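Listing of start-v2.cif, mmCIF, C-alpha atoms and all ligand atoms
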```cif
data_start
#
loop_
_atom_site.group_PDB
_atom_site.id
_atom_site.type_symbol
_atom_site.label_atom_id
_atom_site.label_comp_id
_atom_site.auth_asym_id
_atom_site.auth_seq_id
_atom_site.Cartn_x
_atom_site.Cartn_y
_atom_site.Cartn_z
ATOM 1 C CA MET Z 1 128.589 177.683 182.736
ATOM 2 C CA LYS Z 2 125.364 178.798 181.058
ATOM 3 C CA ASN Z 3 122.439 176.443 181.132
ATOM 4 C CA ASN Z 4 121.292 176.748 177.523
ATOM 5 C CA VAL Z 5 118.198 174.809 176.588
ATOM 6 C CA LEU Z 6 118.379 175.902 172.943
ATOM 7 C CA VAL Z 7 121.464 176.656 170.902
ATOM 8 C CA CYS Z 8 121.144 177.733 167.299
ATOM 9 C CA ARG Z 9 124.553 177.993 165.658
ATOM 10 C CA ASN Z 10 125.121 179.501 162.206
ATOM 11 C CA VAL Z 11 121.875 178.081 160.895
ATOM 12 C CA SER Z 12 121.003 178.627 157.229
ATOM 13 C CA LYS Z 13 118.309 177.342 154.932
ATOM 14 C CA ARG Z 14 118.700 177.774 151.213
ATOM 15 C CA ILE Z 15 116.014 176.728 148.763
ATOM 16 C CA LYS Z 16 116.509 177.031 145.003
ATOM 17 C CA GLY Z 17 119.552 179.220 145.483
ATOM 18 C CA LYS Z 18 117.785 181.653 147.821
ATOM 19 C CA TYR Z 19 118.535 182.004 151.534
ATOM 20 C CA LEU Z 20 115.312 181.926 153.583
ATOM 21 C CA VAL Z 21 117.425 181.908 156.758
ATOM 22 C CA LYS Z 22 121.082 182.911 156.735
ATOM 23 C CA ASP Z 23 123.713 182.261 159.391
ATOM 24 C CA VAL Z 24 121.472 182.775 162.411
ATOM 25 C CA SER Z 25 122.998 182.141 165.861
ATOM 26 C CA PHE Z 26 121.480 182.585 169.310
ATOM 27 C CA GLU Z 27 121.031 180.754 172.595
ATOM 28 C CA VAL Z 28 118.145 180.571 175.029
ATOM 29 C CA GLU Z 29 118.841 179.828 178.669
ATOM 30 C CA LYS Z 30 116.626 177.726 180.895
ATOM 31 C CA GLY Z 31 113.495 179.444 182.170
ATOM 32 C CA VAL Z 32 113.693 182.318 179.688
ATOM 33 C CA ILE Z 33 110.960 183.471 177.304
ATOM 34 C CA CYS Z 34 112.533 184.425 173.993
ATOM 35 C CA GLY Z 35 110.541 186.400 171.438
ATOM 36 C CA LEU Z 36 111.411 185.721 167.798
ATOM 37 C CA LEU Z 37 110.470 188.819 165.859
ATOM 38 C CA GLY Z 38 110.401 189.664 162.189
ATOM 39 C CA SER Z 39 108.107 191.173 159.596
ATOM 40 C CA ASN Z 40 105.982 188.998 157.312
ATOM 41 C CA GLY Z 41 108.221 186.749 155.264
ATOM 42 C CA ALA Z 42 111.296 187.378 157.448
ATOM 43 C CA GLY Z 43 111.935 183.649 157.896
ATOM 44 C CA LYS Z 44 110.444 183.007 161.372
ATOM 45 C CA THR Z 45 108.418 179.963 160.346
ATOM 46 C CA THR Z 46 111.306 178.539 158.315
ATOM 47 C CA LEU Z 47 113.578 178.901 161.350
ATOM 48 C CA ILE Z 48 110.971 177.310 163.623
ATOM 49 C CA ARG Z 49 110.466 174.435 161.202
ATOM 50 C CA MET Z 50 114.202 173.754 161.469
ATOM 51 C CA LEU Z 51 114.199 174.052 165.270
ATOM 52 C CA THR Z 52 111.397 171.496 165.471
ATOM 53 C CA GLY Z 53 113.015 169.067 163.025
ATOM 54 C CA LEU Z 54 110.386 169.475 160.290
ATOM 55 C CA ILE Z 55 113.019 170.545 157.775
ATOM 56 C CA ARG Z 56 116.805 170.235 157.850
ATOM 57 C CA PRO Z 57 119.100 173.241 157.833
ATOM 58 C CA THR Z 58 121.309 173.592 154.772
ATOM 59 C CA LYS Z 59 124.085 174.518 157.211
ATOM 60 C CA GLY Z 60 124.554 174.951 160.931
ATOM 61 C CA GLU Z 61 123.718 173.192 164.157
ATOM 62 C CA ILE Z 62 120.710 173.213 166.451
ATOM 63 C CA LEU Z 63 121.055 171.799 169.955
ATOM 64 C CA ILE Z 64 118.201 171.248 172.372
ATOM 65 C CA GLU Z 65 119.347 170.221 175.837
ATOM 66 C CA ASN Z 66 122.723 169.512 174.218
ATOM 67 C CA GLN Z 67 121.284 167.087 171.684
ATOM 68 C CA SER Z 68 121.453 167.796 167.995
ATOM 69 C CA VAL Z 69 118.151 168.254 166.180
ATOM 70 C CA VAL Z 70 120.010 167.520 162.945
ATOM 71 C CA ASN Z 71 121.800 164.309 163.978
ATOM 72 C CA GLN Z 72 119.838 163.046 166.985
ATOM 73 C CA ARG Z 73 116.445 164.309 165.958
ATOM 74 C CA GLU Z 74 114.251 162.042 168.079
ATOM 75 C CA LEU Z 75 116.318 162.415 171.247
ATOM 76 C CA ALA Z 76 116.483 166.192 170.881
ATOM 77 C CA LEU Z 77 112.759 166.516 170.171
ATOM 78 C CA GLU Z 78 111.834 164.581 173.302
ATOM 79 C CA HIS Z 79 112.493 167.837 175.125
ATOM 80 C CA VAL Z 80 110.248 169.927 172.885
ATOM 81 C CA GLY Z 81 106.572 170.770 172.722
ATOM 82 C CA ALA Z 82 105.567 172.862 169.751
ATOM 83 C CA ILE Z 83 102.795 174.555 167.881
ATOM 84 C CA VAL Z 84 103.901 175.240 164.336
ATOM 85 C CA GLU Z 85 101.342 177.090 162.253
ATOM 86 C CA SER Z 86 97.912 176.078 163.638
ATOM 87 C CA PRO Z 87 97.457 173.230 166.107
ATOM 88 C CA ILE Z 88 95.506 170.314 164.629
ATOM 89 C CA PHE Z 89 92.494 168.708 166.336
ATOM 90 C CA PHE Z 90 89.526 166.534 165.559
ATOM 91 C CA PRO Z 91 86.753 169.134 165.817
ATOM 92 C CA TYR Z 92 83.978 166.585 166.400
ATOM 93 C CA MET Z 93 85.753 165.214 169.476
ATOM 94 C CA THR Z 94 85.949 166.824 172.893
ATOM 95 C CA GLY Z 95 89.047 168.656 174.051
ATOM 96 C CA ARG Z 96 89.697 165.885 176.565
ATOM 97 C CA ASP Z 97 89.431 163.119 173.947
ATOM 98 C CA ASN Z 98 91.744 164.967 171.580
ATOM 99 C CA LEU Z 99 94.308 165.119 174.362
ATOM 100 C CA ARG Z 100 93.764 161.476 175.353
ATOM 101 C CA ASN Z 101 94.447 160.384 171.791
ATOM 102 C CA LEU Z 102 97.730 162.204 171.711
ATOM 103 C CA ALA Z 103 98.745 161.247 175.245
ATOM 104 C CA ARG Z 104 98.803 157.620 174.166
ATOM 105 C CA LEU Z 105 101.626 158.499 171.787
ATOM 106 C CA HIS Z 106 103.733 159.717 174.707
ATOM 107 C CA HIS Z 107 104.557 156.290 176.126
ATOM 108 C CA MET Z 108 101.658 156.477 178.571
ATOM 109 C CA ASP Z 109 100.150 153.027 178.458
ATOM 110 C CA SER Z 110 97.892 152.865 181.475
ATOM 111 C CA LYS Z 111 94.509 154.487 181.198
ATOM 112 C CA SER Z 112 94.881 156.161 184.580
ATOM 113 C CA ALA Z 113 98.261 157.678 183.642
ATOM 114 C CA VAL Z 114 96.694 159.087 180.462
ATOM 115 C CA ASN Z 115 93.676 160.477 182.300
ATOM 116 C CA GLU Z 116 95.799 162.021 185.022
ATOM 117 C CA LYS Z 117 98.143 163.708 182.575
ATOM 118 C CA VAL Z 118 95.265 164.986 180.447
ATOM 119 C CA GLN Z 119 93.533 166.419 183.511
ATOM 120 C CA GLU Z 120 96.778 168.131 184.547
ATOM 121 C CA VAL Z 121 97.347 169.816 181.173
ATOM 122 C CA LEU Z 122 93.680 170.836 180.941
ATOM 123 C CA ARG Z 123 94.002 172.505 184.354
ATOM 124 C CA ILE Z 124 97.230 174.300 183.402
ATOM 125 C CA ALA Z 125 95.652 175.570 180.165
ATOM 126 C CA GLY Z 126 92.500 176.728 181.984
ATOM 127 C CA LEU Z 127 90.254 174.398 179.964
ATOM 128 C CA GLU Z 128 88.864 172.113 182.659
ATOM 129 C CA GLU Z 129 85.358 173.553 182.521
ATOM 130 C CA ARG Z 130 84.952 173.065 178.757
ATOM 131 C CA ALA Z 131 87.011 169.863 178.493
ATOM 132 C CA ASP Z 132 84.031 167.657 177.687
ATOM 133 C CA GLU Z 133 82.621 169.829 174.941
ATOM 134 C CA LYS Z 134 83.440 169.366 171.284
ATOM 135 C CA VAL Z 135 86.402 171.325 169.978
ATOM 136 C CA ARG Z 136 84.305 172.834 167.189
ATOM 137 C CA THR Z 137 82.500 174.859 169.888
ATOM 138 C CA TYR Z 138 85.769 176.354 171.172
ATOM 139 C CA SER Z 139 86.850 179.924 170.512
ATOM 140 C CA LEU Z 140 90.151 180.495 168.692
ATOM 141 C CA GLY Z 141 91.772 181.406 172.020
ATOM 142 C CA MET Z 142 90.610 178.129 173.559
ATOM 143 C CA LYS Z 143 91.946 176.213 170.566
ATOM 144 C CA GLN Z 144 95.311 177.877 170.987
ATOM 145 C CA ARG Z 145 95.332 176.950 174.672
ATOM 146 C CA LEU Z 146 94.321 173.394 173.765
ATOM 147 C CA GLY Z 147 97.271 173.383 171.364
ATOM 148 C CA ILE Z 148 99.529 174.398 174.238
ATOM 149 C CA ALA Z 149 97.929 171.715 176.440
ATOM 150 C CA GLN Z 150 98.777 169.198 173.686
ATOM 151 C CA SER Z 151 102.343 170.375 173.563
ATOM 152 C CA LEU Z 152 102.653 169.914 177.349
ATOM 153 C CA LEU Z 153 101.718 166.226 177.274
ATOM 154 C CA GLY Z 154 105.301 165.060 176.901
ATOM 155 C CA ASP Z 155 106.577 167.277 179.767
ATOM 156 C CA PRO Z 156 108.827 169.317 177.473
ATOM 157 C CA ASP Z 157 111.567 171.599 178.791
ATOM 158 C CA LEU Z 158 111.228 173.818 175.739
ATOM 159 C CA LEU Z 159 108.032 175.115 174.163
ATOM 160 C CA ILE Z 160 108.157 176.518 170.654
ATOM 161 C CA LEU Z 161 105.110 178.525 169.654
ATOM 162 C CA ASP Z 162 104.754 179.917 166.151
ATOM 163 C CA GLU Z 163 102.497 182.980 166.084
ATOM 164 C CA PRO Z 164 100.187 181.759 168.869
ATOM 165 C CA ALA Z 165 98.485 185.128 169.275
ATOM 166 C CA ASN Z 166 97.505 185.508 165.608
ATOM 167 C CA GLY Z 167 93.836 186.354 165.207
ATOM 168 C CA LEU Z 168 93.036 186.420 168.925
ATOM 169 C CA ASP Z 169 90.776 189.086 170.415
ATOM 170 C CA PRO Z 170 92.042 191.121 173.412
ATOM 171 C CA MET Z 171 90.563 188.674 175.946
ATOM 172 C CA GLY Z 172 92.039 185.690 174.105
ATOM 173 C CA MET Z 173 95.419 187.410 174.051
ATOM 174 C CA ARG Z 174 95.244 188.168 177.730
ATOM 175 C CA GLU Z 175 94.448 184.549 178.587
ATOM 176 C CA LEU Z 176 97.221 183.283 176.329
ATOM 177 C CA ARG Z 177 99.683 185.725 177.877
ATOM 178 C CA GLY Z 178 98.664 184.599 181.376
ATOM 179 C CA LEU Z 179 99.230 180.974 180.389
ATOM 180 C CA ILE Z 180 102.636 181.644 178.835
ATOM 181 C CA LEU Z 181 103.820 183.554 181.912
ATOM 182 C CA THR Z 182 102.518 180.811 184.236
ATOM 183 C CA LEU Z 183 104.374 178.170 182.224
ATOM 184 C CA LYS Z 184 107.552 180.082 182.791
ATOM 185 C CA LYS Z 185 107.083 181.146 186.409
ATOM 186 C CA LYS Z 186 105.335 178.152 187.924
ATOM 187 C CA TYR Z 187 106.567 175.324 185.730
ATOM 188 C CA GLY Z 188 110.022 176.624 184.796
ATOM 189 C CA LYS Z 189 109.494 176.169 181.056
ATOM 190 C CA THR Z 190 111.761 177.751 178.495
ATOM 191 C CA ILE Z 191 109.686 179.262 175.688
ATOM 192 C CA LEU Z 192 110.451 180.484 172.188
ATOM 193 C CA ILE Z 193 107.552 182.438 170.765
ATOM 194 C CA SER Z 194 107.423 183.936 167.309
ATOM 195 C CA SER Z 195 105.239 186.882 166.440
ATOM 196 C CA HIS Z 196 105.022 190.126 164.620
ATOM 197 C CA LEU Z 197 102.839 191.529 167.422
ATOM 198 C CA LEU Z 198 105.392 193.724 169.141
ATOM 199 C CA ASP Z 199 103.200 194.639 172.065
ATOM 200 C CA GLU Z 200 102.465 191.029 172.974
ATOM 201 C CA ILE Z 201 106.108 190.051 172.662
ATOM 202 C CA GLN Z 202 107.160 193.000 174.823
ATOM 203 C CA LYS Z 203 104.724 191.933 177.549
ATOM 204 C CA VAL Z 204 106.029 188.379 177.912
ATOM 205 C CA SER Z 205 109.610 188.197 176.666
ATOM 206 C CA ASP Z 206 112.882 188.355 178.589
ATOM 207 C CA GLN Z 207 114.966 188.024 175.452
ATOM 208 C CA ILE Z 208 114.558 189.037 171.819
ATOM 209 C CA VAL Z 209 115.873 187.629 168.560
ATOM 210 C CA MET Z 210 115.040 189.783 165.549
ATOM 211 C CA ILE Z 211 115.387 188.654 161.967
ATOM 212 C CA ARG Z 212 115.023 190.468 158.685
ATOM 213 C CA GLU Z 213 115.166 188.801 155.271
ATOM 214 C CA GLY Z 214 116.435 185.662 156.981
ATOM 215 C CA GLU Z 215 119.305 187.357 158.796
ATOM 216 C CA LEU Z 216 119.735 188.162 162.451
ATOM 217 C CA VAL Z 217 119.585 191.912 162.987
ATOM 218 C CA TRP Z 218 119.383 192.151 166.779
ATOM 219 C CA LYS Z 219 119.484 189.851 169.781
ATOM 220 C CA GLY Z 220 119.698 190.528 173.464
ATOM 221 C CA MET Z 221 117.908 190.586 176.782
ATOM 222 C CA LEU Z 222 114.977 192.950 176.839
ATOM 223 C CA ASP Z 223 115.354 195.850 179.170
ATOM 224 C CA HIS Z 224 111.838 196.607 180.357
ATOM 225 C CA ASP Z 225 112.278 200.349 179.895
ATOM 226 C CA GLN Z 226 113.166 199.722 176.285
ATOM 227 C CA ASP Z 227 110.544 200.451 173.670
ATOM 228 C CA LEU Z 228 110.482 197.412 171.433
ATOM 229 C CA GLU Z 229 108.642 199.208 168.647
ATOM 230 C CA THR Z 230 111.355 201.862 168.360
ATOM 231 C CA LEU Z 231 114.063 199.190 168.381
ATOM 232 C CA PHE Z 232 112.213 197.069 165.815
ATOM 233 C CA ILE Z 233 111.687 199.932 163.382
ATOM 234 C CA GLU Z 234 115.303 201.003 163.776
ATOM 235 C CA MET Z 235 116.490 197.465 162.976
ATOM 236 C CA MET Z 236 114.112 196.998 160.040
ATOM 237 C CA GLU Z 237 115.190 200.275 158.427
ATOM 238 C CA LYS Z 238 118.916 199.778 158.979
HETATM 239 N N1 LIG J 301 109.409 175.965 150.618
HETATM 240 C C1 LIG J 301 109.688 177.194 150.228
HETATM 241 N N2 LIG J 301 110.240 177.427 149.011
HETATM 242 C C2 LIG J 301 110.562 178.670 148.616
HETATM 243 N N3 LIG J 301 110.348 179.788 149.349
HETATM 244 C C3 LIG J 301 109.801 179.630 150.555
HETATM 245 C C4 LIG J 301 109.443 178.319 151.076
HETATM 246 N N4 LIG J 301 108.931 178.496 152.334
HETATM 247 C C5 LIG J 301 108.957 179.820 152.570
HETATM 248 N N5 LIG J 301 109.471 180.508 151.526
HETATM 249 C C6 LIG J 301 109.714 181.961 151.455
HETATM 250 O O1 LIG J 301 110.661 182.258 152.455
HETATM 251 C C7 LIG J 301 110.432 183.518 153.082
HETATM 252 C C8 LIG J 301 110.297 183.329 154.585
HETATM 253 O O2 LIG J 301 109.067 182.683 154.872
HETATM 254 P P1 LIG J 301 108.586 182.351 156.355
HETATM 255 O O3 LIG J 301 107.249 181.704 156.245
HETATM 256 O O4 LIG J 301 109.651 181.609 157.050
HETATM 257 O O5 LIG J 301 108.456 183.823 156.978
HETATM 258 P P2 LIG J 301 107.734 184.305 158.302
HETATM 259 O O6 LIG J 301 108.679 185.246 158.971
HETATM 260 O O7 LIG J 301 107.257 183.146 159.096
HETATM 261 O O8 LIG J 301 106.509 185.131 157.721
HETATM 262 P P3 LIG J 301 104.996 185.332 158.237
HETATM 263 O O9 LIG J 301 105.067 186.235 159.418
HETATM 264 O O10 LIG J 301 104.353 185.972 157.043
HETATM 265 O O11 LIG J 301 104.461 183.965 158.543
HETATM 266 C C9 LIG J 301 109.191 184.066 152.396
HETATM 267 O O12 LIG J 301 109.614 184.945 151.390
HETATM 268 C C10 LIG J 301 108.516 182.825 151.803
HETATM 269 O O13 LIG J 301 107.773 183.165 150.675
#
```
Can the structure from this file be put into structure tokens for me?
Ligand SMILES: Nc1ncnc2c1ncn2[C@@H]1O[C@H](COP(=O)(O)OP(=O)(O)OP(=O)(O)O)[C@@H](O)[C@H]1O
Amino acid sequence: MKNNVLVCRNVSKRIKGKYLVKDVSFEVEKGVICGLLGSNGAGKTTLIRMLTGLIRPTKGEILIENQSVVNQRELALEHVGAIVESPIFFPYMTGRDNLRNLARLHHMDSKSAVNEKVQEVLRIAGLEERADEKVRTYSLGMKQRLGIAQSLLGDPDLLILDEPANGLDPMGMRELRGLILTLKKKYGKTILISSHLLDEIQKVSDQIVMIREGELVWKGMLDHDQDLETLFIEMMEK
């Protein structure tokens, strides 16, 4: 039997009579990086907001580790770490203190447990050296990695990242890519990452889900000889 961490079954979102997402189904197995692709306005963020319990689907079911995001929201979301839109920090606090604040929300009561966990996620995200500097001095790439560090505090099985590479320079993208691949290979995380940056998605993803005007147009495992740009354009023009 397949070990699916995420199951999205016939999910739709309709607002004011218009479908923003329509009848989308896909599964992501454990340890897989799945790229969610679509042009601007395709419905990626709407879908991600449903997957992370921020809004409810009009129809359909979302299971994370076999628990329903719709009916057992809190239990299902225990398995998830997410960055939806931009991660939020207190810019006048250090990276470490931002993480400490949040860690306390993850049932970590003892100071040493908090400090240990924060140190661990800082190390994973490659932020140890700058951990005690204020976040307002961080580059965009560092902020994105701090956002990922935040999302790792609860030891999630599934990471959901909405457009994490947006606005990053080539070095920032390379560091982010390295982190995402490490999270998969070394820590066994399952990752759903949305983007319209085809090249970045091609470099990290094992699986692709493509949507257009809210509807699924292609899904499958990515064959590394396959040119994602050609496939994407073909699907968008269909
Ligand atoms: N609350 C809302 N009410 C009505 N329409 C909405 C709402 N939220 C989003 N939309 C519309 O739904 C469509 C999908 O938006 P969404 O933000 O999910 O797309 P996206 O694929 O994430 O796009 P982008 O890459 O530009 O962020 C867009 O046409 C958007 O204008």
Taking 6 positions as the minimum chain separation for residues in the same chain, which residues sit within 10 Å of Z:Leu197 when counting all atoms listed in the file? Answer as a compact mmCIF listing (two decimals) with C-alpha atoms, in the coordinates of the input.
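What follows is the written file around-v2.txt:
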```txt
# COMPACT_ATOMS: atom_id res chain seq x y z
CA LEU Z 37 110.47 188.82 165.86
CA GLY Z 38 110.40 189.66 162.19
CA SER Z 39 108.11 191.17 159.60
CA GLU Z 163 102.50 182.98 166.08
CA ALA Z 165 98.48 185.13 169.28
CA ASN Z 166 97.50 185.51 165.61
CA GLU Z 229 108.64 199.21 168.65
```
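Atom pair atom CA of Z:Ala149 / atom CA of Z:Ala113: separated by 15.8 Å.
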The PyMOL selection byres (((chain Z and resi 179) around 12) and not hetatm) applied to the shown file, residues as a CSV table (one decimal) with C-alpha atoms, keeping the file's coordinate frame:
```
chain,number,residue,atom,x,y,z
Z,121,VAL,CA,97.3,169.8,181.2
Z,122,LEU,CA,93.7,170.8,180.9
Z,123,ARG,CA,94.0,172.5,184.4
Z,124,ILE,CA,97.2,174.3,183.4
Z,125,ALA,CA,95.7,175.6,180.2
Z,126,GLY,CA,92.5,176.7,182.0
Z,127,LEU,CA,90.3,174.4,180.0
Z,141,GLY,CA,91.8,181.4,172.0
Z,142,MET,CA,90.6,178.1,173.6
Z,144,GLN,CA,95.3,177.9,171.0
Z,145,ARG,CA,95.3,177.0,174.7
Z,146,LEU,CA,94.3,173.4,173.8
Z,147,GLY,CA,97.3,173.4,171.4
Z,148,ILE,CA,99.5,174.4,174.2
Z,149,ALA,CA,97.9,171.7,176.4
Z,152,LEU,CA,102.7,169.9,177.3
Z,164,PRO,CA,100.2,181.8,168.9
Z,165,ALA,CA,98.5,185.1,169.3
Z,172,GLY,CA,92.0,185.7,174.1
Z,173,MET,CA,95.4,187.4,174.1
Z,174,ARG,CA,95.2,188.2,177.7
Z,175,GLU,CA,94.4,184.5,178.6
Z,176,LEU,CA,97.2,183.3,176.3
Z,177,ARG,CA,99.7,185.7,177.9
Z,178,GLY,CA,98.7,184.6,181.4
Z,180,ILE,CA,102.6,181.6,178.8
Z,181,LEU,CA,103.8,183.6,181.9
Z,182,THR,CA,102.5,180.8,184.2
Z,183,LEU,CA,104.4,178.2,182.2
Z,184,LYS,CA,107.6,180.1,182.8
Z,185,LYS,CA,107.1,181.1,186.4
Z,186,LYS,CA,105.3,178.2,187.9
Z,187,TYR,CA,106.6,175.3,185.7
Z,189,LYS,CA,109.5,176.2,181.1
Z,191,ILE,CA,109.7,179.3,175.7
Z,204,VAL,CA,106.0,188.4,177.9
```
Neighbour list for Z:Asp162 as a VMD selection string, cut-off 10 Å, all atoms listed in the file, skip fewer than 4 positions in-chain: chain Z and resid 36 44 to 45 48 to 49 82 to 87 166 192 to 195
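The gap separating atom CA of Z:Lys143 from atom CA of Z:Asp169 is 12.9 Å, in Å to one decimal.
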Could you list, as a count of residues only, every residue matched by the PyMOL selection byres (((chain Z and resi 95) around 9) and not hetatm) in this structure? 21
Atom CA of Z:Thr46 to atom CA of Z:Glu213, distance in Å rounded to a single decimal: 11.4 Å
I'd like the contact shell of Z:Met50 - 9 Å cut-off, all atoms listed in the file, skipping same-chain residues fewer than 5 positions apart - returned as a PDB file with C-alpha atoms, in the frame of the given file.
```pdb
ATOM      1  CA  VAL Z  11     121.875 178.081 160.895  1.00  0.00           C
ATOM      2  CA  LYS Z  13     118.309 177.342 154.932  1.00  0.00           C
ATOM      3  CA  THR Z  45     108.418 179.963 160.346  1.00  0.00           C
ATOM      4  CA  ILE Z  55     113.019 170.545 157.775  1.00  0.00           C
ATOM      5  CA  ARG Z  56     116.805 170.235 157.850  1.00  0.00           C
ATOM      6  CA  PRO Z  57     119.100 173.241 157.833  1.00  0.00           C
ATOM      7  CA  ILE Z  62     120.710 173.213 166.451  1.00  0.00           C
ATOM      8  CA  VAL Z  69     118.151 168.254 166.180  1.00  0.00           C
ATOM      9  CA  VAL Z  70     120.010 167.520 162.945  1.00  0.00           C
TER      10      VAL Z  70
END
```
Determine, counting all atoms listed in the file, which protein, DNA and RNA residues have an atom within 9 Å of an atom of Z:Asn115; residues of the same chain fewer than 4 positions away are not included. Present the result as a list in words. Arg96, Arg100, Ala103, Ser110, Lys111, Gln119 and Glu120 of chain Z
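Compared by their closest atoms to ligand LIG 301 (chain J), and using all atoms listed in the file, the residues Z:Leu231, Z:Val7, Z:Leu161, Z:Ala42 rank with Z:Ala42 nearest.
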Please enclose the listed atoms of stretch 46-51 of chain Z in an axis-aligned box, pad each side by 6 Å, and write out the centre and the three edge lengths in Å, rounded to one decimal, as JSON.
```
{"center_x": 112.3, "center_y": 176.3, "center_z": 161.8, "size_x": 15.7, "size_y": 17.1, "size_z": 19.0}
```
Using only C-alpha atoms, collect all residues at a distance of at most 10 Å from (115.9, 189.8, 165.4) as written in the file, then present them as JSON, numbers by chain. {"Z": [24, 26, 35, 36, 37, 38, 39, 42, 44, 208, 209, 210, 211, 212, 214, 215, 216, 217, 218, 219, 220, 232, 235, 236]}
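The smallest atom-to-atom distance between Z:Glu29 and any of Z:Leu228, Z:Leu54, Z:Val5, Z:Val114, using all atoms listed in the file, is found for Z:Val5.
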Run through the PyMOL selection byres (((chain Z and resi 12) around 8) and not hetatm) on the given coordinates and return the selected residues as an MDAnalysis selection string. chainID Z and resid 10:11 13:14 19:24 57:60
Min atom-atom distance to ligand LIG 301 (chain J) from the set Z:Gly17, Z:Gln72, Z:His107, Z:Ile88, counting only C-alpha atoms and all ligand atoms, belongs to Z:Gly17
Identify, on the basis of all atoms listed in the file, every residue whose closest approach to Z:Ile64 does not exceed 12 Å; exclude the query and any residue fewer than 2 positions from it along the same chain; express the result as a count of residues only. 39
Tell me which residues come within 9 Å of (116.5, 192.2, 182.8), as a list in words, counting all atoms listed in the file in the file's coordinates. Asp206, Gln207, Met221, Leu222, Asp223 and His224 of chain Z
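Distance annotation: of Z:His196, Z:Gln226, Z:Arg136, Z:Asp155, the residue with the minimal separation from ligand LIG 301 (chain J) is Z:His196; atom set is all atoms listed in the file.
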For ligand LIG 301 (chain J), the closest of Z:Leu47, Z:Leu198, Z:Val118, Z:Val32 counting only C-alpha atoms and all ligand atoms is Z:Leu47
